Structure formats: structure tokens, C-alpha cells
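Notes follow once the structure below has been shown.
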Amino acid sequence: MGVQLPSLDEFPTRYTVPKHKLSSRKSAIKTRVPDMQQAFVVPSSAVKDVSKQIGKPIKSFTSWHVPQFKPSLDGTFNPFPNYAYSGTLRPVYPLSPKRPVPDHIPRPDYAERGDGVPISEMRTAGHPPRILSADEIEKMRTASRLGREVLDLAASHVRPGITTEEIDAIVHQATVDRNAYPSPLGYRNFPKSVCTSVNEVICHGIPDQRKLREGDIINLDVSLFYQGFHSDLNATYPVGTIDEDSAKLIRTTRECLDAAIRVCKPGALFRDIGKAIEPIARTNDCAVVRTYTGHGVNDLFHTAPNIPHYAKNKAVGTMKPGMVRYPANSPQSWSWLTHRLHQCFTIEPMINLGTKWETQHWDDSWTATTVDGKKSAQFEETLLITETGVEVLTAARDFVL
């Protein structure tokens with residue numbers, strides 16, 4: 001949290017803080033606040049009514065120049081002008097206000113908290129994958145089908161000239177129209193209802209006022225919460241006509257996901273998923289991101305198991321038989337009946353052009369990008385392990401494995 005300084009009309013272009021409050025000039029870079037007020041924010045550790053904070057007169061200072069803020073003619077601006085971007089993409093603020101969700105729509109626990117912390121996820125950290133009842137499995141199928149509908153609708157609007165803010169509005173409205181809650185909204189204070197990751201953005205891009213351009217690629221990551229369960233899926237799309245490298249990247253990423261899905265069956269090891277993905281990526285001169293993984297999904301947005309997408313990982317666990325418990329009021333409630341454990345989880349490989357798998361993050365604390373500015377693509381499906389293999393809950397109508 002920072003301190004908002006006065007308007008630049010009222011404040012000089014040089015600002016002075018005590019030396020002992022700054023670890024370096026870099027740590028004290030000021031950024032534009034997203035409410036379009038002509039003010040800058042500095043860390044509260046650097047400036048917070050200094051005389052009261054230290055309780056004694058200031059004896060030594062350091063000074064530096066505060067750059068004048070110059071918004072575009074349309075009122076938009078880059079909130080992080082001093083950030084060392086790896087590529088050509090820039091955020092375009094201000095963001096729209098948080099979109100409302102009708103009161104009658106149930107929402108996950110983090111949506112009710114001001115800090116967005118998913119307490120239910122934290123309580124189950126380290127636990128094995130959750131056992132779902134037959135009724136819960138049907139709810140997962142329904143939530144996944146609705147998620148696919150929303151993603152396909154959003155994808156139909158991808159074109160040069162549309163902003164990612166407008167795509168967010170489409171996803172939000174389509175989700176609440178289905179009496180569902182957009183899972184990203186408020187999750188650890190994520191401000192939007194969908195993640196829109198363009199070009200070098202690997203994941204968790206925040207929708208803003210940047211217009212999509214001919215030759216871009218964009219990943220739309222849609223998740224929704226319906227009847228107590230989350231769906232989670234994403235896909236990468238071309239914007240107009242794209243170059244061959246971008247087209248190859250999209251094809252390769254989808255091929256990686258499909259190969260990983262073919263591994264899935266009872267008894268398969270979670271660590272073998274990465275073994276299926278990485279050779280395909282390398283053969284096509286691409287790299288597999290290691291920073292983010294697939295995950296379990298059910299009544300929790302992110303839970304066990306943890307699923308890396310790269311080879312020689314140390315993921316724990318197998319896709320194995322288990323138990324399904326019938327509801328207490330059912331005729332079978334007196335006993336446990338043996339079934340295959342219907343584990344629900346996502347596989348979502350993030351693939352970068354070139355050899356660099358590492359990530360860097362914008363100062364919004366969410367947007368993850370490639371370190372060399374090259375493009376990245378991703379595809380994701382929610383899967384259900386069955387007695388004979390795997391069911392792709394979020395599959396498109398024309399999906400063929």
C-alpha cells in the first residue's frame with residue numbers, strides 16, 4: 001500500500017524523502033494510480049508523514065526528479081512507465097470498476113472477503129485429492145459445460161479493434177446470465193472476470209483498454225463457479241492474420257495438451273504428463289514454462305493434485321481407483337461402494353517460442369510474461385479420470401483426441 005501525494009498542480013516536480021527510508025532509488029519508483037487522479041504513489045515505507053512516523057526532525061535527505069505524467073489524448077495511460085518490459089506489449093489503464101454480480105448468485109468464499117484470500121483452499125493444503133460423490137461429478141460436468149459455452153462465446157468476439165476490457169464484459173455478462181460466478185473475480189484480489197494474455201504474456205493478463213491488433217495472439221482463460229463447483233479452461237486464438245511462428249506456437253501448444261490427455265487413465269503417474277509434453281515443445285523449438293502448473297479443481301478453484309508440464313518433474317501421485325460415497329438419504333447410504341476415484345484436475349501447458357521458459361511479472365503482481373519478449377500460448381482442459389480412461393469435461397463439440 002502506498003501514500004497518495006497531492007496533485008502535480010499543487011506539488012513540485014522534485015520530492016524529498018529521508019535517506020534511511022529508501023533501500024535504493026529503484027525501490028522508490030513512483031507509479032501512476034489507476035483512478036486518473038493526477039497523483040503518484042510511493043511506498044509507505046518511504047513517505048508517510050515523515051515527522052510523525054519517526055517522531056524527530058529530519059537531518060538527511062536524498063532527492064530525485066519525478067517525471068511529469070502525460071496521459072494520452074483519449075485519457076488512457078501506462079500505469080508502470082518505469083517498468084523494464086521484456087516485449088512491446090504495454091498495459092493501457094484506467095481499468096473499469098469491478099463488475100457487479102447479482103446477489104442471488106452463490107459465490108466462493110474468497111469473493112466474500114476484502115483480501116480475496118481463499119481460506120478453504122488454504123485449509124486443505126497438503127491433503128490428497130478430494131473424493132467426489134456421483135452428484136458432485138454431475139455438477140462438475142454442468143459447470144464445465146457452461147464454462148465451455150462462455151469461452152466459445154468470448155472467442156467469437158476476438159478481432160482487431162476490440163479491447164480486452166470489452167471481452168471481459170462479454171465473459172462477465174455471459175457468466176452471470178447462466179447464474180454462475182466468474183471465478184477469477186476477486187480471487188486474491190484479481191480485478192476482472194477473465195484472464196486475457198496477449199502475445200508475450202504467459203498467463204494472468206488483466207483485461208484493460210488496449211485494442212487487439214492484427215497479428216496478435218490472445219489466450220482467454222475462463223473459469224466459473226456454479227452450484228458450488230468450479231470449471232476451468234482456456235485456449236489461444238489468432239487475431240486476424242498471424243505470422244507462421246505464431247501459428248506454429250498455437251498448433252504446438254494444442255498438440256502438447258492433447259498428448260498429455262492421452263496419458264491420463266487409472267494408474268498413470270501425474271509426473272508422466274510432463275514427459276509427454278516437453279519433447280513436442282522442444283521438437284518445435286519451444287520451451288515449457290515451469291513456473292505454473294495444472295491443478296485439482298472441484299469445489300475449490302485450485303487444489304491437489306499439482307501437475308507440472310515439464311519432463312523429469314517430481315510430481316507425486318497416481319490416477320488410481322478409489323471410493324465414491326452416496327448421499328446420506330440414498331438407499332445405498334449404509335455402505336461404501338468401490339468405484340474408480342473420479343479425480344478432477346486441469347492440464348494447462350504454457351509454451352514459449354524459443355528456449356526461454358522463465359517468467360517475469362509486471363508491477364500489477366499478476367501479469368506473467370516471457371523474459372525475452374517472445375510470444376507464449378496456452379491451452380487448458382478440465383479432466384475427469386474414469387474407470388476406463390479420461391473424460392474431457394470442458395471439451396469443445398468438435399473435440400477429437
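Chain lettering (A, B, ...) mirrors the order of the C-alpha cells, residue numbering begins at 1 for each chain separately, and ligand numbering begins at 1 in order of display.
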Using only C-alpha atoms, what table do you get, as JSON lines, when you list each residue of segment 275-311 of chain A with an atom no more than 10 Å from segment 104-110 of chain A, its nearest pair of atoms, and their distance in Å rounded to one decimal, rows by chain then rising number?
{"residue": "A:Asp299", "atom": "CA", "partner": "A:Pro108", "partner_atom": "CA", "distance": 8.5}
{"residue": "A:Leu300", "atom": "CA", "partner": "A:Pro108", "partner_atom": "CA", "distance": 8.3}
{"residue": "A:Phe301", "atom": "CA", "partner": "A:Pro108", "partner_atom": "CA", "distance": 8.7}
Fewer than 4 positions away in the same chain doesn't count, so skip those; otherwise give me all residues within 7 Å of segment 369-385 of chain A, counting only C-alpha atoms, as a PDB file with N, CA and C atoms, in the first residue's frame.
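Once written, around.pdb looks like this:
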ATOM      1  N   SER A  86       9.718  -6.758 -21.153  1.00  0.00           N
ATOM      2  CA  SER A  86      10.541  -7.645 -21.977  1.00  0.00           C
ATOM      3  C   SER A  86      10.164  -7.576 -23.447  1.00  0.00           C
ATOM      4  N   GLY A  87       8.945  -7.144 -23.756  1.00  0.00           N
ATOM      5  CA  GLY A  87       8.474  -7.080 -25.131  1.00  0.00           C
ATOM      6  C   GLY A  87       7.818  -5.747 -25.434  1.00  0.00           C
ATOM      7  N   ASN A 199       0.105 -12.016 -26.698  1.00  0.00           N
ATOM      8  CA  ASN A 199       1.479 -12.075 -27.212  1.00  0.00           C
ATOM      9  C   ASN A 199       2.469 -12.642 -26.193  1.00  0.00           C
ATOM     10  N   GLU A 200       3.348 -11.813 -25.625  1.00  0.00           N
ATOM     11  CA  GLU A 200       4.363 -12.336 -24.720  1.00  0.00           C
ATOM     12  C   GLU A 200       3.853 -12.617 -23.315  1.00  0.00           C
ATOM     13  N   VAL A 201       2.586 -12.314 -23.054  1.00  0.00           N
ATOM     14  CA  VAL A 201       2.023 -12.619 -21.738  1.00  0.00           C
ATOM     15  C   VAL A 201       1.740 -14.119 -21.660  1.00  0.00           C
ATOM     16  N   ILE A 202       2.302 -14.762 -20.665  1.00  0.00           N
ATOM     17  CA  ILE A 202       2.158 -16.202 -20.491  1.00  0.00           C
ATOM     18  C   ILE A 202       0.804 -16.544 -19.879  1.00  0.00           C
ATOM     19  N   ASN A 219      -4.777 -15.415 -25.369  1.00  0.00           N
ATOM     20  CA  ASN A 219      -5.317 -16.525 -24.592  1.00  0.00           C
ATOM     21  C   ASN A 219      -6.453 -16.017 -23.718  1.00  0.00           C
ATOM     22  N   SER A 231     -15.414 -24.657 -12.910  1.00  0.00           N
ATOM     23  CA  SER A 231     -14.836 -25.174 -14.149  1.00  0.00           C
ATOM     24  C   SER A 231     -13.652 -24.292 -14.500  1.00  0.00           C
ATOM     25  N   ASP A 232     -12.746 -24.815 -15.310  1.00  0.00           N
ATOM     26  CA  ASP A 232     -11.540 -24.058 -15.641  1.00  0.00           C
ATOM     27  C   ASP A 232     -11.042 -24.525 -17.004  1.00  0.00           C
ATOM     28  N   LEU A 233     -10.934 -23.601 -17.957  1.00  0.00           N
ATOM     29  CA  LEU A 233     -10.454 -23.943 -19.303  1.00  0.00           C
ATOM     30  C   LEU A 233      -9.936 -22.693 -19.989  1.00  0.00           C
ATOM     31  N   ASN A 234      -9.064 -22.881 -20.974  1.00  0.00           N
ATOM     32  CA  ASN A 234      -8.601 -21.737 -21.751  1.00  0.00           C
ATOM     33  C   ASN A 234      -8.121 -22.192 -23.112  1.00  0.00           C
ATOM     34  N   ALA A 235      -7.951 -21.225 -23.996  1.00  0.00           N
ATOM     35  CA  ALA A 235      -7.457 -21.502 -25.347  1.00  0.00           C
ATOM     36  C   ALA A 235      -6.822 -20.233 -25.893  1.00  0.00           C
ATOM     37  N   THR A 236      -5.940 -20.409 -26.868  1.00  0.00           N
ATOM     38  CA  THR A 236      -5.249 -19.294 -27.512  1.00  0.00           C
ATOM     39  C   THR A 236      -5.759 -19.137 -28.939  1.00  0.00           C
ATOM     40  N   LEU A 249       3.293 -21.905 -32.953  1.00  0.00           N
ATOM     41  CA  LEU A 249       3.223 -21.915 -31.495  1.00  0.00           C
ATOM     42  C   LEU A 249       1.852 -22.396 -31.024  1.00  0.00           C
ATOM     43  N   ILE A 250       0.792 -21.886 -31.631  1.00  0.00           N
ATOM     44  CA  ILE A 250      -0.557 -22.295 -31.238  1.00  0.00           C
ATOM     45  C   ILE A 250      -0.769 -23.782 -31.524  1.00  0.00           C
ATOM     46  N   THR A 253       1.225 -25.934 -29.000  1.00  0.00           N
ATOM     47  CA  THR A 253       0.674 -25.924 -27.645  1.00  0.00           C
ATOM     48  C   THR A 253      -0.542 -26.830 -27.538  1.00  0.00           C
ATOM     49  N   ARG A 254      -1.409 -26.787 -28.547  1.00  0.00           N
ATOM     50  CA  ARG A 254      -2.572 -27.679 -28.538  1.00  0.00           C
ATOM     51  C   ARG A 254      -2.136 -29.141 -28.646  1.00  0.00           C
ATOM     52  N   LEU A 257      -1.007 -30.360 -25.239  1.00  0.00           N
ATOM     53  CA  LEU A 257      -2.114 -30.691 -24.348  1.00  0.00           C
ATOM     54  C   LEU A 257      -2.756 -32.012 -24.735  1.00  0.00           C
ATOM     55  N   LYS A 265      -5.197 -41.993 -17.429  1.00  0.00           N
ATOM     56  CA  LYS A 265      -6.018 -43.182 -17.221  1.00  0.00           C
ATOM     57  C   LYS A 265      -5.725 -43.685 -15.807  1.00  0.00           C
ATOM     58  N   PRO A 266      -6.552 -44.554 -15.273  1.00  0.00           N
ATOM     59  CA  PRO A 266      -6.263 -45.090 -13.937  1.00  0.00           C
ATOM     60  C   PRO A 266      -4.884 -45.749 -13.892  1.00  0.00           C
ATOM     61  N   HIS A 342     -13.029 -40.587  -9.149  1.00  0.00           N
ATOM     62  CA  HIS A 342     -13.213 -39.601 -10.209  1.00  0.00           C
ATOM     63  C   HIS A 342     -12.460 -38.329  -9.827  1.00  0.00           C
ATOM     64  N   GLN A 343     -11.182 -38.315 -10.091  1.00  0.00           N
ATOM     65  CA  GLN A 343     -10.361 -37.141  -9.826  1.00  0.00           C
ATOM     66  C   GLN A 343     -10.606 -36.100 -10.913  1.00  0.00           C
ATOM     67  N   CYS A 344     -10.781 -34.865 -10.504  1.00  0.00           N
ATOM     68  CA  CYS A 344     -10.906 -33.754 -11.453  1.00  0.00           C
ATOM     69  C   CYS A 344      -9.665 -32.881 -11.343  1.00  0.00           C
ATOM     70  N   PHE A 345      -9.050 -32.593 -12.477  1.00  0.00           N
ATOM     71  CA  PHE A 345      -7.873 -31.734 -12.478  1.00  0.00           C
ATOM     72  C   PHE A 345      -7.718 -31.112 -13.858  1.00  0.00           C
ATOM     73  N   THR A 346      -6.864 -30.112 -13.920  1.00  0.00           N
ATOM     74  CA  THR A 346      -6.594 -29.444 -15.197  1.00  0.00           C
ATOM     75  C   THR A 346      -5.197 -29.788 -15.681  1.00  0.00           C
ATOM     76  N   ILE A 347      -5.039 -29.805 -16.992  1.00  0.00           N
ATOM     77  CA  ILE A 347      -3.724 -29.767 -17.626  1.00  0.00           C
ATOM     78  C   ILE A 347      -3.719 -28.512 -18.484  1.00  0.00           C
ATOM     79  N   GLU A 348      -2.703 -27.679 -18.344  1.00  0.00           N
ATOM     80  CA  GLU A 348      -2.718 -26.364 -18.998  1.00  0.00           C
ATOM     81  C   GLU A 348      -1.316 -25.906 -19.387  1.00  0.00           C
ATOM     82  N   PRO A 349      -0.673 -26.609 -20.304  1.00  0.00           N
ATOM     83  CA  PRO A 349       0.710 -26.252 -20.652  1.00  0.00           C
ATOM     84  C   PRO A 349       0.824 -24.846 -21.225  1.00  0.00           C
ATOM     85  N   MET A 350       1.824 -24.124 -20.740  1.00  0.00           N
ATOM     86  CA  MET A 350       2.181 -22.805 -21.252  1.00  0.00           C
ATOM     87  C   MET A 350       3.480 -22.972 -22.028  1.00  0.00           C
ATOM     88  N   ILE A 351       3.463 -22.650 -23.316  1.00  0.00           N
ATOM     89  CA  ILE A 351       4.580 -22.919 -24.206  1.00  0.00           C
ATOM     90  C   ILE A 351       5.087 -21.605 -24.802  1.00  0.00           C
ATOM     91  N   ASN A 352       6.401 -21.380 -24.695  1.00  0.00           N
ATOM     92  CA  ASN A 352       7.021 -20.155 -25.212  1.00  0.00           C
ATOM     93  C   ASN A 352       7.804 -20.439 -26.489  1.00  0.00           C
ATOM     94  N   LEU A 353       7.781 -19.503 -27.417  1.00  0.00           N
ATOM     95  CA  LEU A 353       8.679 -19.585 -28.568  1.00  0.00           C
ATOM     96  C   LEU A 353      10.122 -19.459 -28.093  1.00  0.00           C
ATOM     97  N   GLU A 358      11.612 -19.172 -18.517  1.00  0.00           N
ATOM     98  CA  GLU A 358      11.473 -18.349 -17.319  1.00  0.00           C
ATOM     99  C   GLU A 358      10.389 -17.270 -17.484  1.00  0.00           C
ATOM    100  N   THR A 359       9.924 -16.746 -16.371  1.00  0.00           N
ATOM    101  CA  THR A 359       8.871 -15.728 -16.386  1.00  0.00           C
ATOM    102  C   THR A 359       9.326 -14.472 -15.642  1.00  0.00           C
ATOM    103  N   GLN A 360       8.700 -13.355 -15.978  1.00  0.00           N
ATOM    104  CA  GLN A 360       8.826 -12.146 -15.178  1.00  0.00           C
ATOM    105  C   GLN A 360       7.431 -11.552 -15.023  1.00  0.00           C
ATOM    106  N   HIS A 361       7.250 -10.741 -13.989  1.00  0.00           N
ATOM    107  CA  HIS A 361       5.917 -10.242 -13.662  1.00  0.00           C
ATOM    108  C   HIS A 361       5.870  -8.716 -13.695  1.00  0.00           C
ATOM    109  N   GLY A 389     -10.596 -44.675 -18.462  1.00  0.00           N
ATOM    110  CA  GLY A 389      -9.700 -43.712 -19.082  1.00  0.00           C
ATOM    111  C   GLY A 389      -9.910 -42.307 -18.560  1.00  0.00           C
ATOM    112  N   VAL A 390     -10.247 -41.387 -19.462  1.00  0.00           N
ATOM    113  CA  VAL A 390     -10.388 -39.990 -19.086  1.00  0.00           C
ATOM    114  C   VAL A 390     -11.546 -39.369 -19.852  1.00  0.00           C
ATOM    115  N   GLU A 391     -12.251 -38.476 -19.189  1.00  0.00           N
ATOM    116  CA  GLU A 391     -13.317 -37.695 -19.815  1.00  0.00           C
ATOM    117  C   GLU A 391     -12.901 -36.230 -19.792  1.00  0.00           C
ATOM    118  N   VAL A 392     -12.923 -35.588 -20.948  1.00  0.00           N
ATOM    119  CA  VAL A 392     -12.575 -34.171 -21.029  1.00  0.00           C
ATOM    120  C   VAL A 392     -13.853 -33.372 -20.788  1.00  0.00           C
ATOM    121  N   LEU A 393     -14.022 -32.896 -19.583  1.00  0.00           N
ATOM    122  CA  LEU A 393     -15.276 -32.243 -19.194  1.00  0.00           C
ATOM    123  C   LEU A 393     -15.529 -30.954 -19.962  1.00  0.00           C
ATOM    124  N   THR A 394     -14.462 -30.254 -20.320  1.00  0.00           N
ATOM    125  CA  THR A 394     -14.594 -28.943 -20.960  1.00  0.00           C
ATOM    126  C   THR A 394     -14.401 -29.011 -22.467  1.00  0.00           C
ATOM    127  N   ALA A 395     -14.484 -30.192 -23.041  1.00  0.00           N
ATOM    128  CA  ALA A 395     -14.181 -30.363 -24.461  1.00  0.00           C
ATOM    129  C   ALA A 395     -15.123 -29.565 -25.352  1.00  0.00           C
TER     130      ALA A 395
END
Counting only C-alpha atoms, what is within 6 Å of Glu165 of chain A, bar same-chain residues fewer than 4 positions away, as a PyMOL selection string? chain A and resi 207-209
Please, could you write that set of residues out with N, CA and C atoms as a PDB file, in the first residue's frame?
ATOM      1  N   PRO A 207      -7.473  -7.767 -18.148  1.00  0.00           N
ATOM      2  CA  PRO A 207      -8.132  -7.029 -19.230  1.00  0.00           C
ATOM      3  C   PRO A 207      -8.055  -5.522 -19.010  1.00  0.00           C
ATOM      4  N   ASP A 208      -7.724  -4.789 -20.084  1.00  0.00           N
ATOM      5  CA  ASP A 208      -7.627  -3.342 -19.982  1.00  0.00           C
ATOM      6  C   ASP A 208      -8.103  -2.706 -21.281  1.00  0.00           C
ATOM      7  N   GLN A 209      -7.686  -1.460 -21.535  1.00  0.00           N
ATOM      8  CA  GLN A 209      -8.219  -0.728 -22.675  1.00  0.00           C
ATOM      9  C   GLN A 209      -7.371  -0.857 -23.949  1.00  0.00           C
TER      10      GLN A 209
END
Which of these residues is nearest to Ala268 of chain A, using only C-alpha atoms: A:Arg123, A:Thr318, A:Ala134, A:Ser72? A:Thr318
Run DSSP on the backbone and give me the residues of segment 121-356 of chain A it puts in strand (DSSP E), as a ChimeraX atom specification. /A:181-182,195-198,201-203,217-226,229-238,286-288,294-296,303-307,321-324,337-340,344-347,350-353
Return as a PyMOL selection string the full set of residues in segment 203-249 of chain A whose backbone-based DSSP assignment is helix (DSSP H, G or I). chain A and resi 244-249
Please provide as a PyMOL selection string all residues within 7 Å of Ala260 of chain A, with the sequence filter that same-chain residues fewer than 5 positions apart are discarded (counting only C-alpha atoms). chain A and resi 273+276-277
Find the residues of segment 264-377 of chain A that sit at most 10 Å from segment 183-191 of chain A; for each, write down the nearest two atoms and how far apart they are in Å, to one decimal. Count only C-alpha atoms. Sort by chain, then by number going up, and give it as JSON lines.
{"residue": "A:Phe301", "atom": "CA", "partner": "A:Ser183", "partner_atom": "CA", "distance": 7.5}
{"residue": "A:Asp364", "atom": "CA", "partner": "A:Phe190", "partner_atom": "CA", "distance": 9.7}
{"residue": "A:Ser365", "atom": "CA", "partner": "A:Phe190", "partner_atom": "CA", "distance": 9.5}
{"residue": "A:Trp366", "atom": "CA", "partner": "A:Phe190", "partner_atom": "CA", "distance": 7.8}
